[in-house]
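Source file coords08.txt; content: compact mmCIF, C-alpha atoms.
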```
# COMPACT_ATOMS: atom_id res chain seq x y z
CA MET A 18 0.00 0.00 0.00
CA PRO A 19 2.26 2.85 -1.23
CA GLN A 20 -0.07 5.58 0.06
CA ASN A 21 1.02 4.64 3.59
CA ILE A 22 4.67 5.51 3.11
CA PRO A 23 4.36 9.25 3.95
CA VAL A 24 2.51 8.36 7.17
CA VAL A 25 5.31 5.99 8.16
CA GLU A 26 7.90 8.68 7.38
CA ASN A 27 6.07 11.23 9.51
CA ILE A 28 5.88 8.80 12.42
CA LEU A 29 9.59 8.03 12.15
CA SER A 30 10.64 11.69 11.97
CA ALA A 31 8.45 12.54 14.98
CA ASN A 32 10.05 9.59 16.74
CA ASP A 33 13.54 10.86 15.92
CA ARG A 34 12.73 14.27 17.38
CA VAL A 35 11.66 12.71 20.69
CA ALA A 36 14.71 10.41 20.58
CA GLY A 37 16.84 13.55 20.38
CA GLU A 38 15.12 14.92 23.50
CA ASN A 39 15.73 11.63 25.32
CA ARG A 40 19.39 11.73 24.39
CA ALA A 41 19.78 15.31 25.62
CA ARG A 42 18.23 14.36 28.95
CA ILE A 43 20.39 11.25 29.35
CA ASP A 44 23.53 13.16 28.37
CA ALA A 45 22.75 15.97 30.80
CA ALA A 46 22.52 13.37 33.56
CA GLY A 47 25.84 11.82 32.55
CA VAL A 48 24.31 8.38 32.06
CA PHE A 49 25.53 5.84 29.49
CA SER A 50 22.62 4.03 27.87
CA ILE A 51 22.07 0.98 25.72
CA ASN A 52 19.11 -0.29 23.70
CA LEU A 53 19.10 -4.08 24.11
CA MET A 54 17.37 -5.92 21.27
CA ALA A 55 16.85 -9.60 20.39
CA SER A 56 14.36 -12.26 19.35
CA PRO A 57 11.96 -13.51 22.01
CA GLY A 58 13.89 -15.76 24.35
CA ALA A 59 17.42 -14.97 23.13
CA GLY A 60 18.32 -13.89 26.65
CA LYS A 61 17.83 -10.14 27.11
CA THR A 62 16.52 -10.48 30.65
CA SER A 63 19.00 -13.24 31.46
CA LEU A 64 21.87 -11.01 30.33
CA ILE A 65 20.57 -8.24 32.58
CA GLU A 66 20.33 -10.72 35.47
CA GLN A 67 23.92 -11.81 34.90
CA THR A 68 25.21 -8.28 34.35
CA LEU A 69 23.76 -6.39 37.31
CA PRO A 70 25.40 -8.36 40.16
CA ARG A 71 28.77 -7.97 38.37
CA LEU A 72 28.37 -4.17 38.41
CA THR A 73 27.40 -3.80 42.07
CA ASP A 74 29.50 -1.14 43.82
CA ARG A 75 30.83 -0.02 40.45
CA LEU A 76 27.80 1.34 38.60
CA ARG A 77 24.31 2.40 39.57
CA VAL A 78 21.99 0.85 36.99
CA ALA A 79 18.43 1.62 35.91
CA VAL A 80 16.48 -0.74 33.66
CA VAL A 81 13.51 0.07 31.43
CA ASP A 82 11.72 -3.04 30.19
CA GLY A 83 9.46 -3.04 27.16
CA ASP A 84 6.95 -5.83 26.71
CA ILE A 85 3.57 -6.55 25.20
CA ALA A 86 2.27 -7.81 28.53
CA THR A 87 3.31 -8.63 32.12
CA SER A 88 5.98 -7.12 34.36
CA ILE A 89 8.00 -10.36 34.50
CA ASP A 90 11.14 -8.72 33.08
CA ALA A 91 11.14 -5.64 35.31
CA ASP A 92 10.56 -7.89 38.32
CA ARG A 93 13.58 -9.98 37.35
CA ALA A 94 15.72 -6.85 36.83
CA ALA A 95 14.72 -5.48 40.25
CA GLN A 96 15.46 -8.85 41.81
CA ALA A 97 18.90 -8.83 40.18
CA GLY A 98 19.74 -5.52 41.80
CA ALA A 99 18.63 -2.73 39.47
CA GLY A 100 18.45 0.60 41.30
CA ALA A 101 15.20 1.19 39.43
CA ALA A 102 13.25 -1.08 37.08
CA ILE A 103 10.40 0.37 35.07
CA GLN A 104 8.08 -1.76 32.95
CA VAL A 105 6.64 -0.25 29.79
CA ASN A 106 3.75 -2.26 28.38
CA THR A 107 3.55 -1.31 24.74
CA GLY A 108 -0.17 -1.98 24.40
CA GLY A 109 0.32 -4.42 21.57
CA GLU A 110 3.10 -2.56 19.73
CA CYS A 111 5.94 -4.84 18.66
CA HIS A 112 8.70 -2.39 19.57
CA LEU A 113 9.57 0.44 21.92
CA ASP A 114 9.55 3.94 20.47
CA ALA A 115 11.09 7.17 21.71
CA VAL A 116 7.81 8.40 23.23
CA MET A 117 7.56 5.27 25.37
CA LEU A 118 11.11 5.75 26.63
CA HIS A 119 10.32 9.43 27.22
CA GLY A 120 7.46 8.38 29.49
CA ALA A 121 9.72 5.98 31.37
CA LEU A 122 12.40 8.65 31.84
CA GLU A 123 9.75 10.88 33.44
CA GLN A 124 9.49 8.27 36.19
CA LEU A 125 13.25 7.98 36.75
CA GLU A 126 15.59 10.30 38.59
CA VAL A 127 18.09 9.80 35.79
CA THR A 128 20.88 11.68 37.56
CA ARG A 129 20.96 8.95 40.23
CA PHE A 130 22.37 6.44 37.71
CA ASP A 131 25.50 5.69 35.67
CA LEU A 132 24.01 3.16 33.27
CA LEU A 133 20.56 2.88 31.72
CA ILE A 134 19.67 -0.44 30.10
CA VAL A 135 16.59 -0.35 27.88
CA GLU A 136 15.29 -3.84 27.15
CA ASN A 137 13.30 -3.69 23.93
CA VAL A 138 10.41 -5.96 22.89
CA GLY A 139 11.54 -9.38 21.62
CA ASN A 140 11.56 -8.83 17.85
CA LEU A 141 14.26 -8.81 15.16
CA VAL A 142 12.42 -6.46 12.81
CA CYS A 143 10.70 -3.27 13.99
CA PRO A 144 12.88 -2.24 16.97
CA ALA A 145 15.65 -1.61 14.41
CA SER A 146 13.56 1.22 12.85
CA PHE A 147 12.79 3.21 16.00
CA LYS A 148 15.60 5.21 17.56
CA LEU A 149 15.16 5.68 21.29
CA GLY A 150 17.94 8.17 21.99
CA THR A 151 20.25 5.67 23.68
CA HIS A 152 24.01 5.79 23.06
CA ARG A 153 24.53 2.28 21.79
CA SER A 154 22.37 -0.48 20.28
CA VAL A 155 23.24 -3.97 21.41
CA LEU A 156 21.84 -7.10 19.75
CA ILE A 157 21.74 -10.50 21.41
CA ALA A 158 21.80 -13.45 19.03
CA SER A 159 21.34 -16.90 20.49
CA VAL A 160 22.93 -20.11 19.28
CA PRO A 161 19.73 -22.24 19.12
CA GLU A 162 18.10 -19.58 16.91
CA GLY A 163 20.36 -20.71 14.09
CA ASP A 164 23.25 -19.35 12.09
CA ASP A 165 21.18 -17.79 9.29
CA LYS A 166 19.74 -14.86 11.25
CA PRO A 167 22.11 -12.13 9.96
CA TYR A 168 21.11 -13.06 6.41
CA LYS A 169 17.40 -13.03 7.21
CA TYR A 170 17.27 -9.93 9.44
CA PRO A 171 19.88 -7.67 7.82
CA GLY A 172 18.31 -4.41 9.00
CA MET A 173 18.82 -5.40 12.61
CA TYR A 174 22.37 -6.68 12.20
CA ARG A 175 23.38 -3.65 10.13
CA GLY A 176 22.30 -1.09 12.72
CA VAL A 177 23.84 -2.30 15.97
CA ASP A 178 27.04 -1.27 17.79
CA ALA A 179 27.74 -4.53 19.63
CA LEU A 180 26.65 -8.14 19.31
CA VAL A 181 26.30 -10.64 22.14
CA ILE A 182 26.13 -14.30 21.05
CA ASN A 183 24.35 -16.04 23.91
CA LYS A 184 23.85 -19.72 24.82
CA ILE A 185 27.23 -20.86 23.51
CA ASP A 186 26.92 -23.72 26.04
CA LEU A 187 24.37 -25.21 23.59
CA LEU A 188 26.83 -25.32 20.67
CA PRO A 189 27.47 -29.07 21.10
CA TYR A 190 23.75 -29.84 20.86
CA VAL A 191 22.61 -27.79 17.86
CA SER A 192 23.85 -27.25 14.32
CA PHE A 193 25.27 -23.74 14.33
CA ARG A 194 28.14 -22.93 11.98
CA MET A 195 29.92 -20.04 13.71
CA GLU A 196 31.91 -19.22 10.56
CA TYR A 197 28.80 -18.91 8.40
CA PHE A 198 27.13 -16.76 11.07
CA GLU A 199 30.15 -14.46 11.41
CA LEU A 200 30.48 -14.17 7.63
CA GLY A 201 26.98 -12.72 7.52
CA VAL A 202 27.64 -10.41 10.47
CA GLN A 203 30.88 -9.07 8.99
CA ALA A 204 29.29 -8.51 5.57
CA LEU A 205 26.55 -6.37 7.13
CA ASN A 206 28.49 -4.71 9.90
CA PRO A 207 32.27 -4.92 9.37
CA GLY A 208 34.34 -4.91 12.53
CA LEU A 209 31.32 -5.26 14.83
CA VAL A 210 32.45 -5.99 18.39
CA THR A 211 31.17 -9.41 19.41
CA PHE A 212 30.84 -11.16 22.78
CA PRO A 213 30.26 -14.93 22.72
CA ILE A 214 28.79 -15.75 26.12
CA SER A 215 26.66 -18.13 28.12
CA CYS A 216 24.29 -16.62 30.66
CA ARG A 217 23.88 -20.14 32.02
CA THR A 218 27.55 -20.88 32.75
CA GLY A 219 28.86 -17.31 32.95
CA GLU A 220 31.43 -17.97 30.22
CA GLY A 221 32.57 -14.87 28.34
CA LEU A 222 30.81 -12.34 30.55
CA GLU A 223 34.02 -10.57 31.67
CA SER A 224 34.61 -8.96 28.25
CA TRP A 225 31.02 -7.76 28.09
CA ILE A 226 31.23 -6.27 31.60
CA HIS A 227 34.54 -4.63 30.68
CA TRP A 228 32.94 -3.07 27.57
CA LEU A 229 30.12 -1.62 29.70
CA LEU A 230 32.43 -0.35 32.45
CA GLU A 231 34.72 1.36 29.96
CA ARG A 232 31.77 3.35 28.64
CA ALA A 233 29.66 3.96 31.73
CA ARG A 234 32.22 4.76 34.41
CA LYS A 235 32.41 8.46 35.05
CA MET B 2 -1.02 8.51 19.07
CA PRO B 3 -4.80 7.90 19.21
CA GLN B 4 -5.40 9.56 15.82
CA ASN B 5 -3.78 6.53 14.21
CA ILE B 6 -6.28 4.00 15.47
CA PRO B 7 -8.82 4.48 12.61
CA VAL B 8 -6.03 4.02 10.06
CA VAL B 9 -5.01 0.74 11.70
CA GLU B 10 -8.64 -0.41 11.74
CA ASN B 11 -9.05 0.42 8.04
CA ILE B 12 -5.90 -1.51 7.17
CA LEU B 13 -7.06 -4.53 9.17
CA SER B 14 -10.54 -4.55 7.66
CA ALA B 15 -9.10 -4.24 4.13
CA ASN B 16 -6.78 -7.10 5.05
CA ASP B 17 -9.70 -9.23 6.24
CA ARG B 18 -11.53 -8.68 2.95
CA VAL B 19 -8.55 -9.96 0.96
CA ALA B 20 -8.12 -12.81 3.45
CA GLY B 21 -11.70 -13.81 2.63
CA GLU B 22 -10.86 -13.87 -1.07
CA ASN B 23 -7.81 -16.01 -0.39
CA ARG B 24 -9.92 -18.46 1.60
CA ALA B 25 -12.52 -18.70 -1.15
CA ARG B 26 -9.80 -19.49 -3.67
CA ILE B 27 -8.13 -22.10 -1.46
CA ASP B 28 -11.48 -23.69 -0.61
CA ALA B 29 -12.50 -23.84 -4.27
CA ALA B 30 -9.26 -25.70 -4.98
CA GLY B 31 -9.90 -28.15 -2.14
CA VAL B 32 -6.61 -27.33 -0.43
CA PHE B 33 -6.06 -27.41 3.34
CA SER B 34 -3.87 -24.53 4.47
CA ILE B 35 -1.95 -23.52 7.56
CA ASN B 36 -0.33 -20.27 8.68
CA LEU B 37 2.88 -21.27 10.48
CA MET B 38 4.11 -18.66 12.97
CA ALA B 39 6.97 -18.50 15.48
CA SER B 40 9.89 -16.46 16.81
CA PRO B 41 12.97 -16.23 14.61
CA GLY B 42 14.76 -19.56 14.84
CA ALA B 43 12.08 -21.58 16.62
CA GLY B 44 12.09 -24.03 13.73
CA LYS B 45 9.48 -23.13 11.11
CA THR B 46 11.67 -24.09 8.18
CA SER B 47 13.07 -27.11 10.03
CA LEU B 48 9.53 -28.35 10.71
CA ILE B 49 8.71 -27.98 7.00
CA GLU B 50 11.90 -29.88 6.14
CA GLN B 51 10.94 -32.70 8.50
CA THR B 52 7.29 -32.71 7.44
CA LEU B 53 7.53 -32.80 3.63
CA PRO B 54 9.43 -36.09 3.22
CA ARG B 55 6.92 -37.76 5.56
CA LEU B 56 4.06 -36.69 3.29
CA THR B 57 5.56 -37.86 -0.01
CA ASP B 58 3.10 -39.98 -2.02
CA ARG B 59 0.34 -38.96 0.36
CA LEU B 60 -0.07 -35.21 -0.12
CA ARG B 61 1.04 -32.70 -2.72
CA VAL B 62 2.37 -29.72 -0.80
CA ALA B 63 2.98 -26.09 -1.73
CA VAL B 64 4.95 -23.75 0.53
CA VAL B 65 4.81 -19.96 0.64
CA ASP B 66 7.70 -18.45 2.63
CA GLY B 67 7.58 -14.95 4.06
CA ASP B 68 10.81 -13.24 5.00
CA ILE B 69 12.37 -9.80 5.24
CA ALA B 70 15.23 -10.86 2.99
CA THR B 71 16.75 -13.86 1.14
CA SER B 72 15.14 -16.94 -0.36
CA ILE B 73 16.89 -19.31 2.09
CA ASP B 74 13.60 -20.73 3.39
CA ALA B 75 11.95 -21.34 0.02
CA ASP B 76 15.15 -22.98 -1.20
CA ARG B 77 15.10 -25.32 1.82
CA ALA B 78 11.41 -26.13 1.27
CA ALA B 79 12.03 -26.93 -2.42
CA GLN B 80 14.99 -29.08 -1.43
CA ALA B 81 12.79 -30.96 1.05
CA GLY B 82 10.34 -31.86 -1.71
CA ALA B 83 7.73 -29.10 -1.91
CA GLY B 84 5.81 -29.30 -5.19
CA ALA B 85 6.12 -25.51 -5.31
CA ALA B 86 7.96 -23.09 -3.03
CA ILE B 87 7.35 -19.38 -3.38
CA GLN B 88 9.33 -16.77 -1.50
CA VAL B 89 7.60 -13.57 -0.51
CA ASN B 90 10.01 -10.86 0.59
CA THR B 91 7.98 -8.48 2.70
CA GLY B 92 10.11 -5.43 1.95
CA GLY B 93 10.80 -4.74 5.59
CA GLU B 94 7.36 -5.60 6.96
CA CYS B 95 7.49 -7.76 10.09
CA HIS B 96 4.58 -10.00 9.07
CA LEU B 97 2.77 -11.42 6.07
CA ASP B 98 -0.58 -9.90 5.20
CA ALA B 99 -3.44 -11.18 3.06
CA VAL B 100 -2.36 -9.12 0.04
CA MET B 101 1.08 -10.73 0.07
CA LEU B 102 -0.47 -14.21 0.19
CA HIS B 103 -2.87 -13.16 -2.58
CA GLY B 104 0.15 -12.30 -4.74
CA ALA B 105 1.75 -15.65 -3.99
CA LEU B 106 -1.47 -17.53 -4.83
CA GLU B 107 -1.44 -15.83 -8.24
CA GLN B 108 1.81 -17.65 -8.94
CA LEU B 109 0.52 -21.06 -7.79
CA GLU B 110 -1.73 -23.50 -9.60
CA VAL B 111 -3.51 -24.08 -6.31
CA THR B 112 -5.64 -26.94 -7.63
CA ARG B 113 -2.48 -29.03 -8.08
CA PHE B 114 -2.04 -29.29 -4.28
CA ASP B 115 -3.62 -30.84 -1.20
CA LEU B 116 -1.79 -28.83 1.44
CA LEU B 117 -0.56 -25.24 1.49
CA ILE B 118 1.93 -24.29 4.20
CA VAL B 119 2.43 -20.55 4.66
CA GLU B 120 5.56 -19.81 6.66
CA ASN B 121 5.16 -16.39 8.23
CA VAL B 122 7.93 -13.94 9.21
CA GLY B 123 9.69 -14.86 12.46
CA ASN B 124 7.83 -12.68 14.98
CA LEU B 125 5.58 -13.35 17.98
CA VAL B 126 3.64 -10.10 17.74
CA CYS B 127 2.29 -8.71 14.47
CA PRO B 128 1.59 -11.89 12.48
CA ALA B 129 -1.15 -12.61 15.05
CA SER B 130 -3.05 -9.50 13.88
CA PHE B 131 -3.13 -10.20 10.16
CA LYS B 132 -5.47 -12.93 8.90
CA LEU B 133 -4.25 -14.54 5.71
CA GLY B 134 -7.26 -16.67 4.83
CA THR B 135 -5.67 -19.98 5.82
CA HIS B 136 -7.72 -22.65 7.60
CA ARG B 137 -5.58 -23.07 10.70
CA SER B 138 -2.95 -21.05 12.54
CA VAL B 139 -0.10 -23.08 13.97
CA LEU B 140 2.45 -21.68 16.41
CA ILE B 141 5.85 -23.20 17.03
CA ALA B 142 7.32 -22.55 20.47
CA SER B 143 10.85 -23.68 21.11
CA VAL B 144 12.28 -24.94 24.38
CA PRO B 145 15.40 -22.69 24.49
CA GLU B 146 13.17 -19.60 24.05
CA GLY B 147 12.00 -20.12 27.61
CA ASP B 148 8.83 -21.07 29.43
CA ASP B 149 7.48 -17.52 29.89
CA LYS B 150 6.51 -16.87 26.28
CA PRO B 151 2.74 -17.51 26.60
CA TYR B 152 2.62 -14.92 29.40
CA LYS B 153 4.59 -12.36 27.40
CA TYR B 154 2.98 -12.85 23.98
CA PRO B 155 -0.65 -13.61 24.90
CA GLY B 156 -2.11 -12.33 21.62
CA MET B 157 -0.20 -14.93 19.67
CA TYR B 158 -0.95 -17.84 22.01
CA ARG B 159 -4.63 -16.90 22.24
CA GLY B 160 -5.23 -16.95 18.49
CA VAL B 161 -3.76 -20.23 17.32
CA ASP B 162 -5.36 -23.61 16.57
CA ALA B 163 -2.37 -25.85 17.27
CA LEU B 164 0.93 -25.53 19.11
CA VAL B 165 4.16 -27.32 18.24
CA ILE B 166 6.79 -27.32 21.02
CA ASN B 167 10.07 -27.82 19.20
CA LYS B 168 13.60 -28.67 20.37
CA ILE B 169 12.50 -30.92 23.23
CA ASP B 170 15.88 -32.63 22.82
CA LEU B 171 17.35 -29.52 24.51
CA LEU B 172 15.22 -29.91 27.67
CA PRO B 173 18.12 -31.43 29.67
CA TYR B 174 20.36 -28.44 28.90
CA VAL B 175 18.11 -25.44 29.58
CA SER B 176 15.78 -24.37 32.37
CA PHE B 177 12.30 -24.82 30.94
CA ARG B 178 9.46 -25.69 33.31
CA MET B 179 6.97 -27.48 31.08
CA GLU B 180 4.21 -27.20 33.71
CA TYR B 181 4.58 -23.43 33.99
CA PHE B 182 4.61 -23.11 30.20
CA GLU B 183 1.49 -25.27 29.80
CA LEU B 184 -0.29 -23.41 32.57
CA GLY B 185 0.08 -20.21 30.55
CA VAL B 186 -0.99 -21.91 27.32
CA GLN B 187 -4.10 -23.43 28.89
CA ALA B 188 -5.10 -20.15 30.53
CA LEU B 189 -4.99 -18.36 27.17
CA ASN B 190 -6.19 -21.12 24.91
CA PRO B 191 -7.96 -23.92 26.81
CA GLY B 192 -7.73 -27.34 25.21
CA LEU B 193 -5.21 -26.23 22.58
CA VAL B 194 -3.82 -29.26 20.75
CA THR B 195 -0.07 -29.49 21.42
CA PHE B 196 2.74 -31.44 19.75
CA PRO B 197 6.03 -31.71 21.68
CA ILE B 198 8.63 -32.57 19.04
CA SER B 199 12.27 -32.43 18.07
CA CYS B 200 13.07 -31.61 14.46
CA ARG B 201 16.61 -32.75 15.24
CA THR B 202 15.81 -36.26 16.46
CA GLY B 203 12.39 -36.72 14.82
CA GLU B 204 10.74 -37.41 18.19
CA GLY B 205 7.03 -36.66 18.28
CA LEU B 206 6.61 -35.95 14.58
CA GLU B 207 4.13 -38.81 13.96
CA SER B 208 1.28 -37.07 15.84
CA TRP B 209 1.89 -33.83 13.95
CA ILE B 210 1.90 -35.65 10.60
CA HIS B 211 -1.27 -37.48 11.60
CA TRP B 212 -2.97 -34.15 12.46
CA LEU B 213 -2.06 -32.76 9.03
CA LEU B 214 -3.12 -35.88 7.13
CA GLU B 215 -6.48 -36.00 8.89
CA ARG B 216 -7.23 -32.49 7.67
CA ALA B 217 -5.61 -32.38 4.24
CA ARG B 218 -6.43 -35.77 2.77
CA LYS B 219 -9.28 -35.50 0.31
```
Using structure tokens, write down the structure that the file contains.
Amino acid sequence: MPQNIPVVENILSANDRVAGENRARIDAAGVFSINLMASPGAGKTSLIEQTLPRLTDRLRVAVVDGDIATSIDADRAAQAGAGAAIQVNTGGECHLDAVMLHGALEQLEVTRFDLLIVENVGNLVCPASFKLGTHRSVLIASVPEGDDKPYKYPGMYRGVDALVINKIDLLPYVSFRMEYFELGVQALNPGLVTFPISCRTGEGLESWIHWLLERARK
Amino acid sequence: MPQNIPVVENILSANDRVAGENRARIDAAGVFSINLMASPGAGKTSLIEQTLPRLTDRLRVAVVDGDIATSIDADRAAQAGAGAAIQVNTGGECHLDAVMLHGALEQLEVTRFDLLIVENVGNLVCPASFKLGTHRSVLIASVPEGDDKPYKYPGMYRGVDALVINKIDLLPYVSFRMEYFELGVQALNPGLVTFPISCRTGEGLESWIHWLLERARK
């Protein structure tokens, strides 16, 4: 339906304006922020659960959780030690947008924090199109999802600043050709920094934590 | 943005009209059709690959594959023995809609087939909102995605006619509480027919094949 394209463009440019306001607010507070994206079940909340205890006494972290329904993720983030955990139910929308983050920031005393983690809705398509105003976009791929995902969701892989490859403990039990996967990643996003990890065993998490600390420590 | 709601409603009602046309065409051809939905990497294409060889000499199958990019899935379906495999690239859209299926049906001699499998875009949100005109909606959940998905994506779980639980061979290696998962499923969709399977080992596939044969055999 070509007549819808201008509407979509208007929505996106309005979104970008609000994303700019979010960024100004986050910058003024001196907070480093990431937009965490992934398929459903790739491990966004698990990564947050593994990350927060490793940052205790080093960074004060706020988490904003986007979901279609429930507050399961925000509850888990609070349990894991987030200084604040705000759930945004998107009311059926398959992604967070800048206005939703704007609303969440209204509820946060942003200046109290060093790091803001925004957990997007589980989806490899639409979240890539909606800037939120965060500093970095981080994608979590997961081994059991399969090695063809960069090829099939190029928009997502092209737009991110870091890639976490989760569930590497499952490599012996699934067919996942790391070389084929990385070939796709490098074609779309040359030089992308990549963290192979397992939230289950803790393997590989040090490099990820180091990457966060380098950027968020004041 | 409340002013957008009428636009969304218009799009959905236009979609439903085309879905009705698709259904009439499929019915006239005497074809049984399913809309296969799941997260990225839950195993839609793998299920098709495991299903087609088990139907040889019993059903003539056509596959329509929706994706953001590439023809990987249609190639795999053709390789697995589909009588026809048509790739629909959605041009960035995160779901198939009835118009896209309509276009694919134009390219198929539908009367040549007994079963039409439509593989939707990997996404647990938007595909649930767009009727295609198929007879049954089938969702694939996958064990490594986690047991909280019914709670977090209720719209999808509420609207389907059958549920395949794939990758049960990974149950020993991940934390997945089947009871908690099924509790959510039954709350949203009481009595939903469920097939626990492994596309890797072949476990559980007989019941799924039986379900298809019962419906598609003329």
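A straight line drawn from atom CA of Glu207 of chain B to atom CA of Asp162 of chain B is 18.1 Å long.
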Got a sec to check which residues sit within 9 Å of (4.2, -10.5, 14.0), counting all atoms listed in the file, and write them as a compact mmCIF listing (two decimals) with C-alpha atoms, keeping the file's coordinate frame?
```
# COMPACT_ATOMS: atom_id res chain seq x y z
CA CYS A 111 5.94 -4.84 18.66
CA ASN A 140 11.56 -8.83 17.85
CA MET B 38 4.11 -18.66 12.97
CA ALA B 39 6.97 -18.50 15.48
CA SER B 40 9.89 -16.46 16.81
CA CYS B 95 7.49 -7.76 10.09
CA HIS B 96 4.58 -10.00 9.07
CA LEU B 97 2.77 -11.42 6.07
CA ASN B 121 5.16 -16.39 8.23
CA VAL B 122 7.93 -13.94 9.21
CA GLY B 123 9.69 -14.86 12.46
CA ASN B 124 7.83 -12.68 14.98
CA LEU B 125 5.58 -13.35 17.98
CA VAL B 126 3.64 -10.10 17.74
CA CYS B 127 2.29 -8.71 14.47
CA PRO B 128 1.59 -11.89 12.48
CA ALA B 129 -1.15 -12.61 15.05
CA SER B 130 -3.05 -9.50 13.88
CA PHE B 131 -3.13 -10.20 10.16
CA MET B 157 -0.20 -14.93 19.67
```
Inset, instruction - Could you please tell me, as number ranges by chain, which residues of chain A have an atom within 7 Å of chain B when using all atoms listed in the file? - result: A: 56-59, 84-87, 111, 140, 142-143, 161-163, 168-170
Can you write out the residues you just picked, keeping C-alpha atoms, as a PDB file, in the coordinates of the input?
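Below is the file that was written, part_14.pdb:
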```
ATOM      1  CA  SER A  56      14.360 -12.260  19.350  1.00  0.00           C
ATOM      2  CA  PRO A  57      11.960 -13.510  22.010  1.00  0.00           C
ATOM      3  CA  GLY A  58      13.890 -15.760  24.350  1.00  0.00           C
ATOM      4  CA  ALA A  59      17.420 -14.970  23.130  1.00  0.00           C
ATOM      5  CA  ASP A  84       6.950  -5.830  26.710  1.00  0.00           C
ATOM      6  CA  ILE A  85       3.570  -6.550  25.200  1.00  0.00           C
ATOM      7  CA  ALA A  86       2.270  -7.810  28.530  1.00  0.00           C
ATOM      8  CA  THR A  87       3.310  -8.630  32.120  1.00  0.00           C
ATOM      9  CA  CYS A 111       5.940  -4.840  18.660  1.00  0.00           C
ATOM     10  CA  ASN A 140      11.560  -8.830  17.850  1.00  0.00           C
ATOM     11  CA  VAL A 142      12.420  -6.460  12.810  1.00  0.00           C
ATOM     12  CA  CYS A 143      10.700  -3.270  13.990  1.00  0.00           C
ATOM     13  CA  PRO A 161      19.730 -22.240  19.120  1.00  0.00           C
ATOM     14  CA  GLU A 162      18.100 -19.580  16.910  1.00  0.00           C
ATOM     15  CA  GLY A 163      20.360 -20.710  14.090  1.00  0.00           C
ATOM     16  CA  TYR A 168      21.110 -13.060   6.410  1.00  0.00           C
ATOM     17  CA  LYS A 169      17.400 -13.030   7.210  1.00  0.00           C
ATOM     18  CA  TYR A 170      17.270  -9.930   9.440  1.00  0.00           C
TER      19      TYR A 170
END
```
Would you list the contacts of Val62 of chain B as a PDB file with C-alpha atoms, in the coordinates of the input, taking every protein, DNA or RNA residue within 12 Å and counting all atoms listed in the file, but skipping same-chain residues closer than 3 positions in sequence?
```pdb
ATOM      1  CA  VAL B  32      -6.610 -27.330  -0.430  1.00  0.00           C
ATOM      2  CA  PHE B  33      -6.060 -27.410   3.340  1.00  0.00           C
ATOM      3  CA  SER B  34      -3.870 -24.530   4.470  1.00  0.00           C
ATOM      4  CA  ILE B  35      -1.950 -23.520   7.560  1.00  0.00           C
ATOM      5  CA  ILE B  49       8.710 -27.980   7.000  1.00  0.00           C
ATOM      6  CA  GLU B  50      11.900 -29.880   6.140  1.00  0.00           C
ATOM      7  CA  THR B  52       7.290 -32.710   7.440  1.00  0.00           C
ATOM      8  CA  LEU B  53       7.530 -32.800   3.630  1.00  0.00           C
ATOM      9  CA  PRO B  54       9.430 -36.090   3.220  1.00  0.00           C
ATOM     10  CA  ARG B  55       6.920 -37.760   5.560  1.00  0.00           C
ATOM     11  CA  LEU B  56       4.060 -36.690   3.290  1.00  0.00           C
ATOM     12  CA  THR B  57       5.560 -37.860  -0.010  1.00  0.00           C
ATOM     13  CA  ASP B  58       3.100 -39.980  -2.020  1.00  0.00           C
ATOM     14  CA  ARG B  59       0.340 -38.960   0.360  1.00  0.00           C
ATOM     15  CA  VAL B  65       4.810 -19.960   0.640  1.00  0.00           C
ATOM     16  CA  ALA B  78      11.410 -26.130   1.270  1.00  0.00           C
ATOM     17  CA  ALA B  79      12.030 -26.930  -2.420  1.00  0.00           C
ATOM     18  CA  ALA B  81      12.790 -30.960   1.050  1.00  0.00           C
ATOM     19  CA  GLY B  82      10.340 -31.860  -1.710  1.00  0.00           C
ATOM     20  CA  ALA B  83       7.730 -29.100  -1.910  1.00  0.00           C
ATOM     21  CA  GLY B  84       5.810 -29.300  -5.190  1.00  0.00           C
ATOM     22  CA  ALA B  85       6.120 -25.510  -5.310  1.00  0.00           C
ATOM     23  CA  ALA B  86       7.960 -23.090  -3.030  1.00  0.00           C
ATOM     24  CA  ILE B  87       7.350 -19.380  -3.380  1.00  0.00           C
ATOM     25  CA  LEU B 109       0.520 -21.060  -7.790  1.00  0.00           C
ATOM     26  CA  GLU B 110      -1.730 -23.500  -9.600  1.00  0.00           C
ATOM     27  CA  VAL B 111      -3.510 -24.080  -6.310  1.00  0.00           C
ATOM     28  CA  THR B 112      -5.640 -26.940  -7.630  1.00  0.00           C
ATOM     29  CA  ARG B 113      -2.480 -29.030  -8.080  1.00  0.00           C
ATOM     30  CA  PHE B 114      -2.040 -29.290  -4.280  1.00  0.00           C
ATOM     31  CA  ASP B 115      -3.620 -30.840  -1.200  1.00  0.00           C
ATOM     32  CA  LEU B 116      -1.790 -28.830   1.440  1.00  0.00           C
ATOM     33  CA  LEU B 117      -0.560 -25.240   1.490  1.00  0.00           C
ATOM     34  CA  ILE B 118       1.930 -24.290   4.200  1.00  0.00           C
ATOM     35  CA  VAL B 119       2.430 -20.550   4.660  1.00  0.00           C
ATOM     36  CA  LEU B 213      -2.060 -32.760   9.030  1.00  0.00           C
ATOM     37  CA  LEU B 214      -3.120 -35.880   7.130  1.00  0.00           C
ATOM     38  CA  ALA B 217      -5.610 -32.380   4.240  1.00  0.00           C
ATOM     39  CA  ARG B 218      -6.430 -35.770   2.770  1.00  0.00           C
TER      40      ARG B 218
END
```
Legend entry - Counting all atoms listed in the file, the option among B:Asn36, B:Asn23, B:Thr91, B:Thr46 closest to Ala163 of chain B: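 Answer, going by the shortest atom-to-atom distance: B:Asn36.
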